[in-house]
file input-v9.txt (compact mmCIF, C-alpha atoms and all ligand atoms)
# COMPACT_ATOMS: atom_id res chain seq x y z
CA MET A 1 127.84 51.36 116.91
CA VAL A 2 126.37 54.06 119.15
CA ASN A 3 122.60 54.19 119.00
CA THR A 4 121.91 57.91 118.42
CA ALA A 5 118.16 57.50 118.96
CA GLN A 6 118.80 56.59 122.62
CA LYS A 7 122.13 58.32 123.31
CA HIS A 8 120.45 61.64 122.48
CA PHE A 9 118.19 61.27 125.51
CA THR A 10 120.95 60.87 128.14
CA GLU A 11 121.08 64.64 128.75
CA GLU A 12 119.53 67.77 127.30
CA LYS A 13 122.32 69.72 125.61
CA GLN A 14 122.43 73.52 125.59
CA HIS A 15 121.39 73.93 121.96
CA THR A 16 118.51 71.51 122.55
CA LYS A 17 117.38 73.81 125.38
CA ILE A 18 117.29 76.69 122.89
CA LYS A 19 115.28 74.59 120.44
CA HIS A 20 112.85 73.65 123.21
CA LYS A 21 112.42 77.28 124.33
CA LEU A 22 111.54 78.32 120.77
CA PHE A 23 109.24 75.32 120.41
CA ARG A 24 107.44 76.10 123.68
CA ALA A 25 106.96 79.82 122.94
CA THR A 26 105.60 79.05 119.48
CA LEU A 27 103.21 76.26 120.49
CA ASP A 28 101.99 78.34 123.43
CA THR A 29 101.06 81.27 121.18
CA SER A 30 99.61 79.01 118.49
CA MET A 31 97.18 77.53 121.03
CA SER A 32 96.33 80.83 122.62
CA ILE A 33 95.53 82.45 119.23
CA ALA A 34 93.37 79.48 118.18
CA ASN A 35 91.56 79.57 121.53
CA GLY A 36 90.96 83.33 121.13
CA ILE A 37 89.62 83.01 117.58
CA ASN A 38 87.32 80.15 118.59
CA TYR A 39 86.07 82.38 121.41
CA SER A 40 85.42 85.43 119.23
CA LYS A 41 83.62 83.30 116.62
CA LYS A 42 81.75 81.31 119.29
CA GLU A 43 83.26 78.11 117.85
CA THR A 44 84.66 74.99 119.51
CA LYS A 45 87.08 73.68 116.87
CA PRO A 46 89.52 71.15 118.36
CA TYR A 47 93.30 71.63 118.56
CA THR A 48 95.63 68.87 117.35
CA TYR A 49 99.32 68.67 118.21
CA ILE A 50 101.33 66.28 116.02
CA ASP A 51 104.90 65.30 116.92
CA LEU A 52 106.39 63.31 114.01
CA TYR A 53 109.79 62.62 115.62
CA ALA A 54 108.62 62.46 119.22
CA GLY A 55 111.63 60.82 120.91
CA ALA A 56 111.46 59.37 124.44
CA GLY A 57 109.52 62.23 126.03
CA LYS A 58 112.14 62.83 128.69
CA PHE A 59 115.92 62.93 128.98
CA LYS A 60 117.66 60.78 131.61
CA ASP A 61 118.54 64.06 133.40
CA GLU A 62 114.76 64.55 133.78
CA HIS A 63 114.53 67.46 131.31
CA LYS A 64 111.40 67.23 129.22
CA GLY A 65 111.32 66.54 125.49
CA SER A 66 108.79 68.03 123.08
CA PRO A 67 105.76 65.77 123.86
CA LEU A 68 106.01 66.42 127.61
CA LEU A 69 106.59 70.13 127.10
CA ALA A 70 103.42 70.15 124.99
CA LEU A 71 101.50 68.43 127.81
CA GLU A 72 102.57 71.22 130.18
CA LEU A 73 101.01 73.74 127.83
CA PHE A 74 97.81 71.70 127.47
CA GLU A 75 97.42 71.94 131.24
CA LYS A 76 96.47 75.62 130.83
CA TYR A 77 93.33 74.49 129.01
CA LYS A 78 92.34 71.83 131.53
CA ASP A 79 89.61 74.00 132.98
CA LYS A 80 86.76 73.66 130.47
CA ASN A 81 85.55 77.17 131.33
CA LYS A 82 88.85 78.63 130.11
CA ARG A 83 89.09 76.75 126.87
CA THR A 84 87.04 76.83 123.71
CA PHE A 85 88.45 73.68 122.08
CA SER A 86 85.98 70.80 122.01
CA ALA A 87 89.06 68.59 122.41
CA ILE A 88 92.83 68.77 122.55
CA GLN A 89 94.39 65.87 120.70
CA MET A 90 97.98 64.74 120.57
CA VAL A 91 99.49 62.38 118.00
CA VAL A 92 103.05 61.17 118.49
CA ALA A 93 105.15 59.08 116.10
CA GLU A 94 108.42 57.42 117.11
CA LYS A 95 110.46 54.93 115.12
CA ASN A 96 112.83 53.57 117.77
CA GLU A 97 111.24 50.74 119.77
CA GLU A 98 112.82 51.56 123.12
CA ASN A 99 112.03 55.25 122.73
CA ILE A 100 108.35 54.64 121.96
CA GLU A 101 108.12 52.40 125.01
CA GLU A 102 109.66 55.13 127.20
CA LEU A 103 107.49 57.75 125.52
CA THR A 104 104.28 55.84 126.18
CA LYS A 105 105.20 55.46 129.87
CA ASN A 106 106.28 59.10 130.16
CA ILE A 107 103.16 60.51 128.50
CA ASN A 108 100.80 58.33 130.52
CA ASN A 109 102.56 59.28 133.79
CA GLU A 110 102.57 62.97 132.96
CA LYS A 111 98.89 62.86 131.99
CA GLN A 112 98.15 61.48 135.46
CA VAL A 113 100.36 64.01 137.23
CA LEU A 114 98.78 66.91 135.36
CA LEU A 115 95.28 65.42 135.63
CA LEU A 116 94.82 65.55 131.87
CA ASP A 117 92.43 62.60 131.84
CA ASP A 118 90.39 63.73 128.85
CA LEU A 119 93.40 64.39 126.59
CA LEU A 120 93.25 62.14 123.55
CA CYS A 121 96.67 60.73 122.71
CA THR A 122 97.40 58.52 119.71
CA PHE A 123 100.71 56.64 119.62
CA CYS A 124 102.14 55.76 116.21
CA SER A 125 104.91 53.22 116.64
CA GLY A 126 107.37 53.03 113.75
CA SER A 127 108.26 55.65 111.17
CA TRP A 128 105.56 58.32 110.77
CA GLU A 129 105.38 57.68 107.03
CA THR A 130 103.83 54.27 107.73
CA HIS A 131 101.03 56.07 109.61
CA ALA A 132 100.52 58.75 106.92
CA GLU A 133 96.80 57.95 106.45
CA THR A 134 96.00 58.28 110.17
CA LEU A 135 97.98 61.51 110.35
CA LYS A 136 96.29 62.91 107.24
CA ASN A 137 92.89 62.27 108.80
CA TYR A 138 93.84 64.21 111.91
CA ILE A 139 95.02 67.13 109.79
CA LYS A 140 91.95 67.06 107.55
CA SER A 141 89.56 67.08 110.48
CA SER A 142 91.26 69.78 112.52
CA GLN A 143 91.62 73.41 111.56
CA TRP A 144 93.77 74.33 114.55
CA GLY A 145 97.02 72.58 115.14
CA PHE A 146 100.77 72.39 115.26
CA VAL A 147 103.17 69.92 113.65
CA PHE A 148 106.64 69.49 115.13
CA VAL A 149 109.22 67.83 112.86
CA ASP A 150 112.45 67.15 114.70
CA PRO A 151 114.67 64.55 112.97
CA PHE A 152 118.33 64.16 113.96
CA SER A 153 119.73 64.50 110.50
CA LEU A 154 118.57 63.51 107.01
CA GLU A 155 115.75 61.14 108.00
CA LEU A 156 113.01 63.20 106.31
CA ASN A 157 111.45 63.48 102.88
CA PHE A 158 110.22 67.04 102.52
CA ASP A 159 107.68 66.19 99.83
CA ASN A 160 106.05 63.55 102.04
CA LEU A 161 105.84 66.16 104.78
CA MET A 162 104.36 68.79 102.46
CA GLU A 163 101.80 66.28 101.20
CA LEU A 164 100.77 65.56 104.77
CA ILE A 165 100.45 69.20 105.77
CA ASN A 166 98.66 70.16 102.56
CA GLN A 167 95.66 68.04 103.58
CA SER A 168 94.17 71.20 104.99
CA PRO A 169 94.91 74.69 103.69
CA TYR A 170 94.11 76.10 107.13
CA TYR A 171 96.14 73.77 109.29
CA LYS A 172 98.08 76.18 111.34
CA ASP A 173 101.69 76.09 112.39
CA ILE A 174 104.65 73.88 111.51
CA LEU A 175 108.10 73.85 113.11
CA ILE A 176 110.88 71.86 111.41
CA LEU A 177 114.43 71.29 112.57
CA ILE A 178 116.73 71.18 109.56
CA ASN A 179 120.23 69.82 110.10
CA LYS A 180 121.98 72.23 107.77
CA SER A 181 125.53 71.14 108.60
CA ALA A 182 124.74 67.47 107.85
CA GLN A 183 123.42 68.62 104.45
CA GLU A 184 126.47 70.76 103.78
CA ARG A 185 128.73 67.86 104.74
CA VAL A 186 127.06 65.65 102.13
CA LEU A 187 127.41 68.41 99.50
CA GLY A 188 131.13 68.57 100.39
CA LYS A 189 131.42 64.98 99.11
CA ILE A 190 128.97 65.23 96.27
CA ASN A 191 130.34 62.20 94.41
CA GLU A 192 129.96 59.81 97.35
CA PRO A 193 126.94 57.51 97.91
CA ASP A 194 125.52 59.59 100.82
CA ILE A 195 124.33 62.10 98.23
CA ASN A 196 121.28 59.82 97.84
CA LYS A 197 120.15 60.77 101.35
CA LEU A 198 120.11 64.45 100.40
CA CYS A 199 118.35 63.68 97.08
CA ASN A 200 115.69 61.80 99.02
CA TYR A 201 115.37 64.58 101.63
CA PHE A 202 114.66 67.22 98.99
CA ASN A 203 113.14 64.94 96.33
CA ILE A 204 115.61 65.91 93.66
CA SER A 205 117.44 63.67 91.19
CA GLU A 206 121.19 63.26 91.55
CA ASN A 207 121.72 64.90 88.15
CA ASN A 208 119.62 67.92 89.01
CA LEU A 209 121.31 68.33 92.37
CA LYS A 210 124.74 68.22 90.71
CA ARG A 211 123.62 70.78 88.11
CA LEU A 212 122.29 73.08 90.84
CA PHE A 213 125.53 72.63 92.81
CA ASP A 214 127.69 73.52 89.77
CA PHE A 215 125.49 76.52 88.95
CA VAL A 216 125.63 77.92 92.50
CA LYS A 217 129.39 77.38 92.65
CA SER A 218 129.89 79.10 89.28
CA LYS A 219 128.16 82.17 90.74
CA GLY A 220 130.44 82.15 93.79
CA GLY A 221 127.82 80.58 96.12
CA SER A 222 128.56 78.10 98.89
CA ASN A 223 127.12 74.78 100.08
CA GLU A 224 124.92 76.88 102.39
CA THR A 225 123.50 78.68 99.33
CA VAL A 226 122.59 75.31 97.79
CA VAL A 227 120.88 74.20 101.02
CA GLN A 228 118.93 77.48 101.30
CA HIS A 229 117.78 77.16 97.71
CA LEU A 230 116.59 73.58 98.28
CA ILE A 231 114.71 74.55 101.45
CA LYS A 232 112.92 77.43 99.69
CA ARG A 233 112.06 75.19 96.74
CA SER A 234 110.54 72.54 99.01
CA ILE A 235 108.49 74.93 101.11
CA SER A 236 107.21 76.99 98.17
CA LYS A 237 104.55 74.27 97.75
CA LEU A 238 102.86 75.51 100.94
CA ASP A 239 100.61 78.53 100.88
CA LYS A 240 101.66 80.25 104.10
CA ASP A 241 102.59 83.88 104.74
CA TYR A 242 105.70 83.36 106.81
CA VAL A 243 108.61 80.93 106.53
CA ILE A 244 111.24 81.95 109.06
CA ASN A 245 114.49 80.00 109.05
CA ALA A 246 116.31 80.82 112.27
CA ALA A 247 119.78 79.32 112.53
CA ILE A 248 120.79 77.73 115.80
CA THR A 249 124.15 76.43 116.85
CA ARG A 250 125.35 73.17 118.42
CA THR A 251 126.94 72.31 121.74
CA ARG A 252 130.65 71.45 121.66
CA ASN A 253 132.44 70.36 124.87
CA GLY A 254 129.53 71.63 126.93
CA LYS A 255 129.54 75.09 125.33
CA LEU A 256 127.54 76.72 122.57
CA GLU A 257 129.52 77.26 119.39
CA ASP A 258 129.37 80.51 117.47
CA SER A 259 128.07 78.80 114.33
CA ASN A 260 124.98 78.11 112.25
CA ARG A 261 124.48 74.34 112.43
CA PHE A 262 120.70 73.91 112.19
CA TYR A 263 117.75 75.89 110.93
CA LEU A 264 114.64 75.93 113.02
CA CYS A 265 112.09 76.64 110.34
CA LEU A 266 108.72 78.09 111.38
CA ILE A 267 105.93 78.01 108.81
CA THR A 268 102.84 79.98 109.79
CA SER A 269 100.29 82.50 108.59
CA ALA A 270 99.73 83.99 112.04
CA ILE A 271 101.61 87.23 112.77
CA GLY A 272 101.29 86.50 116.49
CA VAL A 273 102.96 83.09 116.19
CA ALA A 274 105.76 84.52 114.01
CA ASN A 275 106.22 87.28 116.58
CA SER A 276 106.55 84.93 119.56
CA PHE A 277 109.12 82.85 117.69
CA LEU A 278 111.14 85.96 116.74
CA GLU A 279 110.92 87.44 120.25
CA LYS A 280 112.23 84.25 121.81
CA TYR A 281 114.97 83.99 119.17
CA ALA A 282 116.08 87.59 119.84
CA GLU A 283 116.07 86.84 123.58
CA GLU A 284 118.32 83.81 123.08
CA LEU A 285 120.69 85.81 120.85
CA GLU A 286 120.89 88.62 123.39
CA ASP A 287 121.69 86.06 126.05
CA LYS A 288 124.47 84.77 123.79
CA THR A 289 125.96 88.28 123.54
CA LEU A 290 125.82 88.58 127.29
CA LYS A 291 127.65 85.30 127.80
CA ASN A 292 130.26 85.84 125.10
CA ASN A 293 131.15 89.37 126.06
CA ASN A 294 130.76 89.44 129.81
CA MET A 295 127.86 91.85 129.37
CA GLN A 296 130.01 94.63 127.92
CA LEU A 297 128.59 94.69 124.41
CA ASN A 298 125.05 94.50 125.67
CA LEU A 299 125.49 97.42 128.03
CA LEU A 300 126.79 99.52 125.17
CA LYS A 301 123.80 98.65 123.07
CA THR A 302 120.98 99.59 125.38
CA SER A 303 120.07 102.85 123.64
CA PRO A 304 117.06 102.28 121.37
CA ILE A 305 118.70 104.22 118.57
CA THR A 306 121.82 102.02 118.54
CA LYS A 307 119.73 98.96 119.14
CA TYR A 308 117.64 99.08 116.01
CA VAL A 309 120.00 100.75 113.53
CA SER A 310 120.44 97.81 111.19
CA LEU A 311 116.76 96.92 111.26
CA GLU A 312 116.02 100.52 110.27
CA GLU A 313 118.42 100.22 107.36
CA GLN A 314 116.71 97.04 106.23
CA ILE A 315 113.31 98.75 106.34
CA VAL A 316 114.49 101.75 104.30
CA ASN A 317 116.10 99.42 101.75
CA ILE A 318 112.83 97.55 101.31
CA ILE A 319 110.51 100.56 101.21
CA LYS A 320 112.66 102.63 98.85
CA HIS A 321 111.53 100.48 95.91
CA GLU A 322 107.78 100.75 96.51
CA ASN A 323 105.13 101.76 99.03
CA LEU A 324 104.20 98.78 101.15
CA THR A 325 101.63 97.86 103.74
CA LEU A 326 103.01 96.87 107.12
CA PHE A 327 101.85 93.33 106.33
CA GLU A 328 103.88 93.23 103.10
CA LEU A 329 106.88 94.65 104.93
CA SER A 330 106.58 91.97 107.62
CA LYS A 331 106.55 89.28 104.91
CA LYS A 332 109.74 90.65 103.39
CA LEU A 333 111.45 90.88 106.77
CA TYR A 334 110.30 87.51 108.11
CA ASN A 335 110.83 85.27 105.06
CA VAL A 336 114.58 85.07 105.52
CA PHE A 337 117.41 82.97 106.89
CA LEU A 338 118.44 84.43 110.24
CA SER A 339 121.98 83.89 111.44
CA TRP A 340 122.87 82.76 114.96
CA LYS A 341 126.56 83.38 114.29
CA ASP A 342 126.35 86.94 113.02
CA SER A 343 123.44 88.32 115.06
CA ASP A 344 123.13 89.70 118.55
CA GLY A 345 119.35 89.88 118.60
CA THR A 346 118.98 93.57 117.77
CA GLU A 347 118.25 92.96 114.07
CA ILE A 348 115.49 90.44 114.73
CA PRO A 349 112.25 92.03 113.50
CA HIS A 350 109.85 90.97 116.24
CA ARG A 351 106.85 93.19 116.87
CA GLN A 352 108.35 95.64 119.36
CA ALA A 353 111.64 95.95 117.47
CA LEU A 354 109.85 96.61 114.22
CA ILE A 355 107.45 99.17 115.71
CA THR A 356 110.36 100.99 117.43
CA ALA A 357 112.40 100.98 114.22
CA ILE A 358 109.51 102.36 112.15
CA ASN A 359 108.77 105.07 114.74
CA ASN A 360 112.46 106.06 114.77
CA LEU A 361 112.38 106.33 110.98
CA ILE A 362 109.20 108.44 111.11
CA ASN A 363 110.80 110.72 113.77
CA ASN A 364 113.85 111.14 111.58
CA THR A 365 111.65 111.93 108.52
CA LYS A 366 112.98 108.93 106.61
CA ILE A 367 109.57 107.30 106.12
CA ILE A 368 105.91 108.26 106.52
CA ILE A 369 102.59 106.52 107.06
CA LEU A 370 100.65 107.29 103.88
CA ASN A 371 97.09 106.88 105.10
CA PRO A 372 96.91 107.36 108.88
CA GLU A 373 93.17 108.10 108.69
CA LYS A 374 92.50 104.72 107.02
CA ALA A 375 94.48 102.65 109.50
CA LYS A 376 92.41 100.37 111.75
CA LYS A 377 91.47 101.74 115.14
CA GLY A 378 94.26 101.47 117.71
CA CYS A 379 97.08 101.06 115.17
CA ILE A 380 98.25 104.67 115.26
CA SER A 381 98.27 106.98 118.28
CA SER A 382 95.99 109.95 117.66
CA LYS A 383 98.10 112.07 120.03
CA THR A 384 101.62 111.34 118.78
CA ASN A 385 100.90 109.88 115.33
CA LYS A 386 103.20 107.00 116.28
CA LEU A 387 102.64 103.44 115.24
CA LEU A 388 101.30 101.30 118.09
CA SER A 389 101.91 97.60 118.74
CA LYS A 390 98.35 96.75 117.69
CA ALA A 391 99.34 97.51 114.08
CA LEU A 392 101.25 94.19 114.05
CA THR A 393 98.75 92.09 115.94
CA THR A 394 96.53 90.80 113.15
CA LYS A 395 96.90 90.66 109.39
CA GLU A 396 93.93 93.02 108.95
CA ASP A 397 95.61 95.63 111.18
CA ALA A 398 98.95 95.27 109.38
CA LYS A 399 97.28 95.55 105.97
CA SER A 400 95.61 98.84 106.96
CA VAL A 401 98.90 100.76 107.40
CA ILE A 402 100.78 101.88 104.26
CA LEU A 403 104.40 102.97 104.56
CA SER A 404 106.29 105.12 102.10
CA LEU A 405 109.73 106.68 101.88
CA TYR A 406 109.71 110.39 102.85
CA ARG A 407 110.38 112.27 99.59
C1 LIG B 1 115.88 64.54 117.79
S1 LIG B 1 114.94 63.19 118.33
C2 LIG B 1 113.41 63.92 118.75
C3 LIG B 1 113.43 64.70 119.99
C4 LIG B 1 112.09 65.19 120.48
N1 LIG B 1 111.38 65.94 119.44
C5 LIG B 1 112.29 66.05 121.70
O1 LIG B 1 112.16 67.28 121.63
O2 LIG B 1 112.54 65.49 122.77
C6 LIG B 1 114.51 62.35 116.86
C7 LIG B 1 113.68 61.11 117.09
O3 LIG B 1 113.07 60.75 115.87
C8 LIG B 1 113.02 59.33 115.76
N2 LIG B 1 112.82 59.03 114.31
C9 LIG B 1 113.74 58.99 113.33
N3 LIG B 1 113.13 58.78 112.13
C10 LIG B 1 111.80 58.72 112.37
C11 LIG B 1 110.66 58.54 111.54
N4 LIG B 1 110.77 58.41 110.23
N5 LIG B 1 109.44 58.53 112.13
C12 LIG B 1 109.31 58.67 113.47
N6 LIG B 1 110.37 58.84 114.30
C13 LIG B 1 111.61 58.87 113.76
C14 LIG B 1 114.32 58.89 116.38
O4 LIG B 1 114.25 57.55 116.84
C15 LIG B 1 114.49 59.89 117.54
O5 LIG B 1 113.97 59.40 118.73

call {"tool": "encode", "arguments": {"input": "input-v9.txt", "output": "structure tokens", "more": "lines below"}}
Ligand SMILES: C[S@@+](CC[C@H](N)C(=O)[O-])C[C@H]1O[C@@H](n2cnc3c(N)ncnc32)[C@H](O)[C@@H]1O
result
Amino acid sequence: MVNTAQKHFTEEKQHTKIKHKLFRATLDTSMSIANGINYSKKETKPYTYIDLYAGAGKFKDEHKGSPLLALELFEKYKDKNKRTFSAIQMVVAEKNEENIEELTKNINNEKQVLLLDDLLCTFCSGSWETHAETLKNYIKSSQWGFVFVDPFSLELNFDNLMELINQSPYYKDILILINKSAQERVLGKINEPDINKLCNYFNISENNLKRLFDFVKSKGGSNETVVQHLIKRSISKLDKDYVINAAITRTRNGKLEDSNRFYLCLITSAIGVANSFLEKYAEELEDKTLKNNNMQLNLLKTSPITKYVSLEEQIVNIIKHENLTLFELSKKLYNVFLSWKDSDGTEIPHRQALITAINNLINNTKIIILNPEKAKKGCISSKTNKLLSKALTTKEDAKSVILSLYR
């Protein structure tokens, strides 16, 4: 039998590159926001990066895996004058014996190359669940941090993960790879023994899963609807503002498919972190359009009006029911399942797209800002009355702007 845990690391596939780009952008912003807040509060709280499915650290083609990509980002904070963190800590867990051996070598080498001598790295050999107490202690003792959860398929129990993360209500950002197509495949054979794996993943009894399945089907839903419901149900136990499920595809015969195979699920309460993730996702989707259409579609879509049409429609549809702060609007737009297959990047509500869309709607007298005089300084231009990017930089800024339909 092929050993997936090692075969995976022979080369970095195209979809893995996309995952790594999103991972890098998100971790980078998470650290930079934490560093900035420490600085403004004159604090020195440490930053802890936890990689629960760490892998081998490197692919045989020399591309870096998540732990080594994280080390590259830590390098920015090597100079103690530039960083506020009293320490940067890294905890990696890896179940496969050969992979943990490789990982230990790779991390120790990279630490030397990057001169990260004072980085504290804890290696957890074996499945992360067997190290739950150690991991909980790291989370309890560290306000700032990032957890990366990157299993191949169904080797996760969401409730165990939620219990771990819930050790600290503040603990910052979590990125989880969810193998949606593996889950849908199991649902396609709901009476076969593999159903147990899905029950264990979502902590649901076989009976309840079958009842949910029948209910969704009776309403015309699909296996994807069942999966989305189970994901929402599992994550609802966390008290975080944003849960963004961005679909990514897989690589088939060296090419990216036009399909939604995985969800990369970002859980965060930081607008800035959500924004970086969405910006990178939109960039990857725009790149996809470019490749698939020999640039033609993209060239046609460069006008800002065309570009943000569907996002504008979404905003009007949300605001028509009630007046909302920009923060509430961002929650409604971000807490969704985004499609790789059906998107070209223009509907992704990252900061600049959202600000442009709102300003277009204000220009076209579709919506208004209810209380411009109460908005925080720098959120609205005093000359043009337009919304500025700062309005979506912190929660306080976003809460100070109220939007209403123009009546
Ligand atoms: C997709 S790979 C991780 C890739 C890595 N995050 C990267 O970006 O390079 C999944 C890894 O998780 C490991 N694994 C599977 N179950 C695990 C568990 N319960 N605890 C820790 N590691 C596990 C596998 O051996 C495999 O190396």

call {"tool": "residues_around", "arguments": {"input": "input-v9.txt", "residues": "A:Lys399", "least_positions_apart": "5", "cutoff": "10 Å", "atoms": "all atoms listed in the file", "output": "JSON, numbers by chain"}}
result
{"A": [324, 325, 326, 327, 328, 329, 375, 376, 391, 392, 394]}

call {"tool": "residues_near_ligand", "arguments": {"input": "input-v9.txt", "ligand": "ligand LIG 1 (chain B)", "cutoff": "6 Å", "atoms": "only C-alpha atoms and all ligand atoms", "output": "VMD selection string"}}
result
chain A and resid 5 52 to 55 57 65 to 66 93 to 96 126 to 128 150 to 152 155

call {"tool": "write_last_selection", "arguments": {"input": "input-v9.txt", "atoms": "C-alpha atoms", "output": "JSON list (two decimals), in the frame of the given file"}}
result
[["chain", "number", "residue", "atom", "x", "y", "z"],
["A", 5, "ALA", "CA", 118.16, 57.50, 118.96],
["A", 52, "LEU", "CA", 106.39, 63.31, 114.01],
["A", 53, "TYR", "CA", 109.79, 62.62, 115.62],
["A", 54, "ALA", "CA", 108.62, 62.46, 119.22],
["A", 55, "GLY", "CA", 111.63, 60.82, 120.91],
["A", 57, "GLY", "CA", 109.52, 62.23, 126.03],
["A", 65, "GLY", "CA", 111.32, 66.54, 125.49],
["A", 66, "SER", "CA", 108.79, 68.03, 123.08],
["A", 93, "ALA", "CA", 105.15, 59.08, 116.10],
["A", 94, "GLU", "CA", 108.42, 57.42, 117.11],
["A", 95, "LYS", "CA", 110.46, 54.93, 115.12],
["A", 96, "ASN", "CA", 112.83, 53.57, 117.77],
["A", 126, "GLY", "CA", 107.37, 53.03, 113.75],
["A", 127, "SER", "CA", 108.26, 55.65, 111.17],
["A", 128, "TRP", "CA", 105.56, 58.32, 110.77],
["A", 150, "ASP", "CA", 112.45, 67.15, 114.70],
["A", 151, "PRO", "CA", 114.67, 64.55, 112.97],
["A", 152, "PHE", "CA", 118.33, 64.16, 113.96],
["A", 155, "GLU", "CA", 115.75, 61.14, 108.00]]

call {"tool": "atom_distance", "arguments": {"input": "input-v9.txt", "atom1": "atom CA of A:Lys197", "atom2": "atom CA of A:Ser222"}}
result
19.4 Å

call {"tool": "atom_distance", "arguments": {"input": "input-v9.txt", "atom1": "atom CA of A:Ser234", "atom2": "atom CA of A:Asp159"}}
result
7.0 Å

call {"tool": "closest_residue", "arguments": {"input": "input-v9.txt", "among": "A:Ile107, A:Val147, A:Ile244, A:Ile402", "to": "A:Leu333", "atoms": "only C-alpha atoms"}}
result
A:Ile244

call {"tool": "residues_around", "arguments": {"input": "input-v9.txt", "residues": "A:Thr251", "least_positions_apart": "6", "cutoff": "9 Å", "atoms": "only C-alpha atoms", "output": "PDB file with C-alpha atoms, in the frame of the given file"}}
result
ATOM      1  CA  LYS A  13     122.320  69.720 125.610  1.00  0.00           C
ATOM      2  CA  GLN A  14     122.430  73.520 125.590  1.00  0.00           C
ATOM      3  CA  HIS A  15     121.390  73.930 121.960  1.00  0.00           C
ATOM      4  CA  THR A  16     118.510  71.510 122.550  1.00  0.00           C
ATOM      5  CA  GLU A 257     129.520  77.260 119.390  1.00  0.00           C
TER       6      GLU A 257
END

call {"tool": "residues_around", "arguments": {"input": "input-v9.txt", "residues": "A:Ile362", "least_positions_apart": "4", "cutoff": "12 Å", "atoms": "all atoms listed in the file", "output": "list in words"}}
result
Glu312, Ile315, Val316, Ile355, Thr356, Ala357, Ile358, Lys366, Ile367, Ile368, Ile369, Leu370, Thr384, Asn385, Lys386, Leu387, Leu403, Ser404, Leu405 and Tyr406 of chain A

call {"tool": "write_last_selection", "arguments": {"input": "input-v9.txt", "atoms": "C-alpha atoms", "output": "PDB file, in the frame of the given file"}}
result
ATOM      1  CA  GLU A 312     116.020 100.520 110.270  1.00  0.00           C
ATOM      2  CA  ILE A 315     113.310  98.750 106.340  1.00  0.00           C
ATOM      3  CA  VAL A 316     114.490 101.750 104.300  1.00  0.00           C
ATOM      4  CA  ILE A 355     107.450  99.170 115.710  1.00  0.00           C
ATOM      5  CA  THR A 356     110.360 100.990 117.430  1.00  0.00           C
ATOM      6  CA  ALA A 357     112.400 100.980 114.220  1.00  0.00           C
ATOM      7  CA  ILE A 358     109.510 102.360 112.150  1.00  0.00           C
ATOM      8  CA  LYS A 366     112.980 108.930 106.610  1.00  0.00           C
ATOM      9  CA  ILE A 367     109.570 107.300 106.120  1.00  0.00           C
ATOM     10  CA  ILE A 368     105.910 108.260 106.520  1.00  0.00           C
ATOM     11  CA  ILE A 369     102.590 106.520 107.060  1.00  0.00           C
ATOM     12  CA  LEU A 370     100.650 107.290 103.880  1.00  0.00           C
ATOM     13  CA  THR A 384     101.620 111.340 118.780  1.00  0.00           C
ATOM     14  CA  ASN A 385     100.900 109.880 115.330  1.00  0.00           C
ATOM     15  CA  LYS A 386     103.200 107.000 116.280  1.00  0.00           C
ATOM     16  CA  LEU A 387     102.640 103.440 115.240  1.00  0.00           C
ATOM     17  CA  LEU A 403     104.400 102.970 104.560  1.00  0.00           C
ATOM     18  CA  SER A 404     106.290 105.120 102.100  1.00  0.00           C
ATOM     19  CA  LEU A 405     109.730 106.680 101.880  1.00  0.00           C
ATOM     20  CA  TYR A 406     109.710 110.390 102.850  1.00  0.00           C
TER      21      TYR A 406
END

call {"tool": "atom_distance", "arguments": {"input": "input-v9.txt", "atom1": "atom CA of A:Ala70", "atom2": "atom CA of A:Asp344"}}
result
28.5 Å

call {"tool": "closest_residue", "arguments": {"input": "input-v9.txt", "among": "A:Asn157, A:Lys255, A:Glu284, A:Lys217", "to": "A:Ile231", "atoms": "only C-alpha atoms"}}
result
A:Asn157

call {"tool": "residues_around", "arguments": {"input": "input-v9.txt", "residues": "A:Ile267", "least_positions_apart": "5", "cutoff": "8 Å", "atoms": "only C-alpha atoms", "output": "ChimeraX atom specification"}}
result
/A:173-175,240-244

call {"tool": "closest_residue", "arguments": {"input": "input-v9.txt", "among": "A:Ile271, A:Ile319, A:Leu256, A:Leu290", "to": "A:Lys390", "atoms": "all atoms listed in the file"}}
result
A:Ile271

call {"tool": "residues_near_point", "arguments": {"input": "input-v9.txt", "point": "(108.8, 90.4, 119.5)", "cutoff": "12 Å", "atoms": "all atoms listed in the file", "output": "ChimeraX atom specification"}}
result
/A:25-26,271-283,334,345-356,389,392-393

call {"tool": "axis_aligned_box", "arguments": {"input": "input-v9.txt", "around": "stretch 68-86 of chain A", "padding_each_side": "4 Å", "output": "lines of an AutoDock Vina configuration file"}}
result
center_x = 96.1
center_y = 72.5
center_z = 127.5
size_x = 29.0
size_y = 20.2
size_z = 19.0

call {"tool": "closest_residue", "arguments": {"input": "input-v9.txt", "among": "A:Pro67, A:Glu98, A:Gln228, A:Leu311", "to": "A:Ser125", "atoms": "all atoms listed in the file"}}
result
A:Glu98

call {"tool": "closest_residue", "arguments": {"input": "input-v9.txt", "among": "A:Phe23, A:Phe59, A:Tyr138, A:Tyr47", "to": "A:Lys7", "atoms": "only C-alpha atoms"}}
result
A:Phe59

call {"tool": "closest_residue", "arguments": {"input": "input-v9.txt", "among": "A:Met162, A:Asp118, A:Thr104, A:His229", "to": "A:Val216", "atoms": "only C-alpha atoms"}}
result
A:His229

call {"tool": "residues_around", "arguments": {"input": "input-v9.txt", "residues": "A:Asn137", "least_positions_apart": "2", "cutoff": "12 Å", "atoms": "all atoms listed in the file", "output": "PyMOL selection string"}}
result
chain A and resi 48+50+91+131-135+139-143+164-168+171
